[in-house]
Amino acid sequence: MRVTETPYLPQAAHTAAAGPNLFCLPCAGGGASAYARWQRELDVRGAGVQVLPVQPPGREERAHETRFTDLDALVEELDEQLDAAFSRPHLLYGHSMGAFIAHALTLRRQRRGAVLPRALVLSSHRAPHIPPNRILDPAADDEELATRLAELGGIPPELAARRRFRQRFMPLVRDDLRLCSGVVKEDGIEPLRVPLRLFVGERDRLVPVHKMAAWSEHGNRGSKLRTMPGGHFFVRSQESALLDELAAVLREFGAVPAE
């Protein structure tokens, strides 16, 4: 049986899945296809989950749709569109921008008394009360922004050098950077009633380890941080090692009986 279909889930969730659902939110400039291999790879590792990549508008098959640049507006729509799918036991994973969105979405649902994830798995984004650095500046021109993104490993240098690629891709990256540019004041932190599992690249110049560790202030059900080899995009360069770690997290929060 499928839950209500939504454009945010290219692959529809099934309520009869044996284990919890793992919803995956993309990084800036990314889309659902970044997680195309994860179902197969996590099955091999015995994780016992259904992987459900989330597709925001303005990318891949939704490229014709208007992109969000306001986090609250996106989170409001995600909450509405995914509410039925969130009725089953689930976890949220987000890399970079996806981590920022996952936190905001969970906070919104906590405030309204909705079903919460069993855990938030977050990688490579500063904690919300820490100001962003300017390595990736949305005010930068296309060439500079593409160069900085390539230096972080987000795109190949040969693509960054192509003007047509920059003209097509940098507006999406720029809007996504604006989306996650907000800062929560320290006296406004509202800890989540959800365990946090955190991952960061040990050589990440955009999000140093201490900025990832600061997420612990946003959870009151425990927080664990794991540093990984690589930089900001270790999720690609160290995908196998990350999935080993992620499978262990998923087993920690356990399979659930079919409904």
# chains A, B, ... in the order shown; residues from 1 in each chain; ligands from 1
>>> residues_around(residues="Arg226 in chain A", least_positions_apart="3", cutoff="12 Å", atoms="only C-alpha atoms", output="VMD selection string")
chain A and resid 121 to 124 196 to 202 209 to 210 212 to 213 223 229 241 to 242 245 to 246 249
>>> residues_around(residues="range 25-29 of chain A", least_positions_apart="5", cutoff="6 Å", atoms="only C-alpha atoms", output="mmCIF file with all heavy atoms, in the first residue's frame")
data_model
loop_
_atom_site.group_PDB
_atom_site.id
_atom_site.type_symbol
_atom_site.label_atom_id
_atom_site.label_comp_id
_atom_site.auth_asym_id
_atom_site.auth_seq_id
_atom_site.Cartn_x
_atom_site.Cartn_y
_atom_site.Cartn_z
ATOM 1 N N VAL A 54 14.597 12.565 -1.145
ATOM 2 C CA VAL A 54 13.651 13.678 -1.235
ATOM 3 C C VAL A 54 14.111 14.617 -2.342
ATOM 4 O O VAL A 54 15.285 14.990 -2.405
ATOM 5 C CB VAL A 54 13.551 14.428 0.109
ATOM 6 C CG1 VAL A 54 12.633 15.638 -0.012
ATOM 7 C CG2 VAL A 54 13.058 13.482 1.208
ATOM 8 N N GLY A 94 20.545 14.104 6.158
ATOM 9 C CA GLY A 94 20.795 15.253 5.304
ATOM 10 C C GLY A 94 22.270 15.573 5.249
ATOM 11 O O GLY A 94 22.957 15.579 6.283
ATOM 12 N N HIS A 95 22.769 15.825 4.038
ATOM 13 C CA HIS A 95 24.165 16.226 3.862
ATOM 14 C C HIS A 95 24.215 17.708 3.528
ATOM 15 O O HIS A 95 23.494 18.190 2.640
ATOM 16 C CB HIS A 95 24.831 15.437 2.732
ATOM 17 C CG HIS A 95 26.251 15.854 2.490
ATOM 18 N ND1 HIS A 95 27.266 15.549 3.365
ATOM 19 C CD2 HIS A 95 26.815 16.579 1.489
ATOM 20 C CE1 HIS A 95 28.395 16.050 2.918
ATOM 21 N NE2 HIS A 95 28.152 16.685 1.785
ATOM 22 N N SER A 96 25.053 18.462 4.241
ATOM 23 C CA SER A 96 25.255 19.879 3.999
ATOM 24 C C SER A 96 23.911 20.617 4.079
ATOM 25 O O SER A 96 23.275 20.598 5.128
ATOM 26 C CB SER A 96 25.962 20.084 2.651
ATOM 27 O OG SER A 96 26.510 21.372 2.559
ATOM 28 N N MET A 97 23.448 21.240 3.016
ATOM 29 C CA MET A 97 22.146 21.915 3.057
ATOM 30 C C MET A 97 21.056 20.974 3.564
ATOM 31 O O MET A 97 20.154 21.389 4.305
ATOM 32 C CB MET A 97 21.768 22.439 1.674
ATOM 33 C CG MET A 97 20.390 23.091 1.617
ATOM 34 S SD MET A 97 19.856 23.535 -0.071
ATOM 35 C CE MET A 97 19.450 21.909 -0.734
ATOM 36 N N GLY A 98 21.121 19.709 3.176
ATOM 37 C CA GLY A 98 20.111 18.748 3.606
ATOM 38 C C GLY A 98 20.043 18.603 5.111
ATOM 39 O O GLY A 98 18.965 18.379 5.684
ATOM 40 N N LEU A 172 21.244 27.686 -9.298
ATOM 41 C CA LEU A 172 20.690 26.725 -8.351
ATOM 42 C C LEU A 172 21.519 26.699 -7.073
ATOM 43 O O LEU A 172 20.972 26.750 -5.959
ATOM 44 C CB LEU A 172 20.646 25.334 -8.981
ATOM 45 C CG LEU A 172 20.332 24.155 -8.045
ATOM 46 C CD1 LEU A 172 18.982 24.329 -7.370
ATOM 47 C CD2 LEU A 172 20.414 22.835 -8.806
ATOM 48 N N VAL A 173 22.838 26.615 -7.217
ATOM 49 C CA VAL A 173 23.707 26.598 -6.046
ATOM 50 C C VAL A 173 23.520 27.871 -5.232
ATOM 51 O O VAL A 173 23.416 27.839 -3.992
ATOM 52 C CB VAL A 173 25.179 26.442 -6.470
ATOM 53 C CG1 VAL A 173 26.120 26.606 -5.272
ATOM 54 C CG2 VAL A 173 25.402 25.093 -7.135
ATOM 55 N N ASP A 176 20.307 27.835 -3.279
ATOM 56 C CA ASP A 176 20.400 26.894 -2.164
ATOM 57 C C ASP A 176 21.242 27.460 -1.028
ATOM 58 O O ASP A 176 20.938 27.253 0.155
ATOM 59 C CB ASP A 176 20.981 25.564 -2.642
ATOM 60 C CG ASP A 176 19.975 24.716 -3.400
ATOM 61 O OD1 ASP A 176 18.781 25.090 -3.445
ATOM 62 O OD2 ASP A 176 20.374 23.664 -3.950
#
>>> select_by_dssp(residues="range 70-101 of chain A", states="strand (DSSP E or B)", output="ChimeraX atom specification")
/A:90-95
>>> closest_residue(among="A:Gly222, A:Pro128, A:Gly231, A:Pro89", to="Leu116 in chain A", atoms="only C-alpha atoms")
A:Pro89
>>> atom_distance(atom1="CA of Asp187 in chain A", atom2="CA of Val75 in chain A")
22.0 Å
>>> residues_around(residues="Leu71 in chain A", least_positions_apart="5", cutoff="8 Å", atoms="only C-alpha atoms", output="list in words")
Ile101, Ala104, Leu179 and Cys180 of chain A
>>> residues_around(residues="Ala161 in chain A", least_positions_apart="6", cutoff="9 Å", atoms="only C-alpha atoms", output="number ranges by chain")
A: 143, 146-147
>>> write_last_selection(atoms="C-alpha atoms", output="PDB file, in the first residue's frame")
ATOM      1  CA  GLU A 143      33.142  31.984 -11.909  1.00  0.00           C
ATOM      2  CA  ALA A 146      32.212  27.550  -9.270  1.00  0.00           C
ATOM      3  CA  THR A 147      35.927  27.739  -8.483  1.00  0.00           C
TER       4      THR A 147
END
>>> residues_around(residues="range 138-142 of chain A", least_positions_apart="6", cutoff="9 Å", atoms="only C-alpha atoms", output="number ranges by chain")
A: 163, 166-167, 169-171, 173-178
>>> write_last_selection(atoms="C-alpha atoms", output="PDB file, in the first residue's frame")
ATOM      1  CA  ARG A 163      30.910  29.085 -18.906  1.00  0.00           C
ATOM      2  CA  ARG A 166      28.287  27.830 -14.741  1.00  0.00           C
ATOM      3  CA  GLN A 167      25.378  29.744 -16.270  1.00  0.00           C
ATOM      4  CA  PHE A 169      24.216  25.365 -12.533  1.00  0.00           C
ATOM      5  CA  MET A 170      25.381  28.295 -10.387  1.00  0.00           C
ATOM      6  CA  PRO A 171      21.923  29.930 -10.025  1.00  0.00           C
ATOM      7  CA  VAL A 173      23.707  26.598  -6.046  1.00  0.00           C
ATOM      8  CA  ARG A 174      23.328  30.294  -5.213  1.00  0.00           C
ATOM      9  CA  ASP A 175      19.636  29.936  -4.319  1.00  0.00           C
ATOM     10  CA  ASP A 176      20.400  26.894  -2.164  1.00  0.00           C
ATOM     11  CA  LEU A 177      23.113  28.797  -0.321  1.00  0.00           C
ATOM     12  CA  ARG A 178      20.643  31.575   0.384  1.00  0.00           C
TER      13      ARG A 178
END
>>> atom_distance(atom1="CA of Gln238 in chain A", atom2="CA of Leu149 in chain A")
18.0 Å
>>> residues_around(residues="Asp79 in chain A", least_positions_apart="6", cutoff="12 Å", atoms="only C-alpha atoms", output="JSON, numbers by chain")
{"A": [6, 8, 72, 73, 85, 86, 87, 101, 102, 104, 105, 106, 107, 108, 109, 110, 111, 112, 114, 115, 116]}
>>> residues_around(residues="Arg205 in chain A", least_positions_apart="2", cutoff="8 Å", atoms="only C-alpha atoms", output="list of chain:residue names")
A:Leu152, A:Arg203, A:Val207, A:Pro208, A:Gly231, A:His232
>>> closest_residue(among="A:Leu192, A:Ala47, A:Leu145, A:Leu52", to="Ala119 in chain A", atoms="only C-alpha atoms")
A:Leu192
>>> decode(residues="range 41-114 of chain A", atoms="C-alpha atoms", output="compact mmCIF listing (two decimals), in the first residue's frame")
# COMPACT_ATOMS: atom_id res chain seq x y z
CA GLU A 41 24.24 -0.70 -0.77
CA LEU A 42 22.34 -0.57 2.51
CA ASP A 43 20.51 -3.80 1.68
CA VAL A 44 23.89 -5.50 1.26
CA ARG A 45 24.84 -4.20 4.72
CA GLY A 46 21.66 -5.53 6.30
CA ALA A 47 20.37 -2.10 7.31
CA GLY A 48 16.71 -3.09 6.92
CA VAL A 49 15.35 0.25 5.68
CA GLN A 50 13.56 1.68 2.68
CA VAL A 51 15.63 4.55 1.25
CA LEU A 52 13.50 7.49 0.12
CA PRO A 53 15.45 10.34 -1.51
CA VAL A 54 13.65 13.68 -1.24
CA GLN A 55 13.49 15.86 -4.35
CA PRO A 56 13.03 19.61 -3.74
CA PRO A 57 11.75 21.70 -6.66
CA GLY A 58 14.12 23.33 -9.14
CA ARG A 59 16.40 20.35 -9.84
CA GLU A 60 16.55 17.21 -11.98
CA GLU A 61 13.03 16.19 -13.09
CA ARG A 62 11.63 19.19 -11.18
CA ALA A 63 13.99 21.68 -12.84
CA HIS A 64 11.08 23.59 -14.38
CA GLU A 65 9.61 24.40 -10.96
CA THR A 66 10.36 27.51 -8.92
CA ARG A 67 13.12 27.03 -6.36
CA PHE A 68 12.76 27.96 -2.71
CA THR A 69 15.13 30.52 -1.20
CA ASP A 70 13.22 30.82 2.08
CA LEU A 71 13.81 27.96 4.52
CA ASP A 72 10.55 28.40 6.43
CA ALA A 73 8.50 28.24 3.24
CA LEU A 74 10.24 25.06 2.07
CA VAL A 75 9.92 23.39 5.47
CA GLU A 76 6.22 24.23 5.65
CA GLU A 77 5.64 22.55 2.30
CA LEU A 78 7.82 19.54 3.16
CA ASP A 79 5.90 19.09 6.40
CA GLU A 80 2.61 19.06 4.52
CA GLN A 81 3.76 16.95 1.58
CA LEU A 82 5.60 14.31 3.61
CA ASP A 83 3.31 14.14 6.63
CA ALA A 84 1.61 10.90 5.51
CA ALA A 85 4.96 9.24 4.77
CA PHE A 86 6.26 10.36 8.16
CA SER A 87 3.47 8.46 9.91
CA ARG A 88 5.64 5.31 9.86
CA PRO A 89 8.88 4.92 11.86
CA HIS A 90 11.61 6.77 10.02
CA LEU A 91 14.97 8.52 10.18
CA LEU A 92 16.12 11.65 8.37
CA TYR A 93 19.52 11.99 6.72
CA GLY A 94 20.80 15.25 5.30
CA HIS A 95 24.17 16.23 3.86
CA SER A 96 25.25 19.88 4.00
CA MET A 97 22.15 21.91 3.06
CA GLY A 98 20.11 18.75 3.61
CA ALA A 99 21.21 18.65 7.26
CA PHE A 100 20.05 22.24 7.77
CA ILE A 101 16.66 21.44 6.21
CA ALA A 102 16.30 18.19 8.19
CA HIS A 103 16.80 20.06 11.47
CA ALA A 104 14.33 22.81 10.59
CA LEU A 105 11.73 20.30 9.44
CA THR A 106 12.06 18.23 12.61
CA LEU A 107 11.84 21.35 14.77
CA ARG A 108 8.65 22.42 13.01
CA ARG A 109 7.10 18.99 13.54
CA GLN A 110 8.16 18.94 17.19
CA ARG A 111 6.50 22.30 17.79
CA ARG A 112 3.20 21.11 16.34
CA GLY A 113 3.25 17.72 18.06
CA ALA A 114 3.69 15.63 14.91
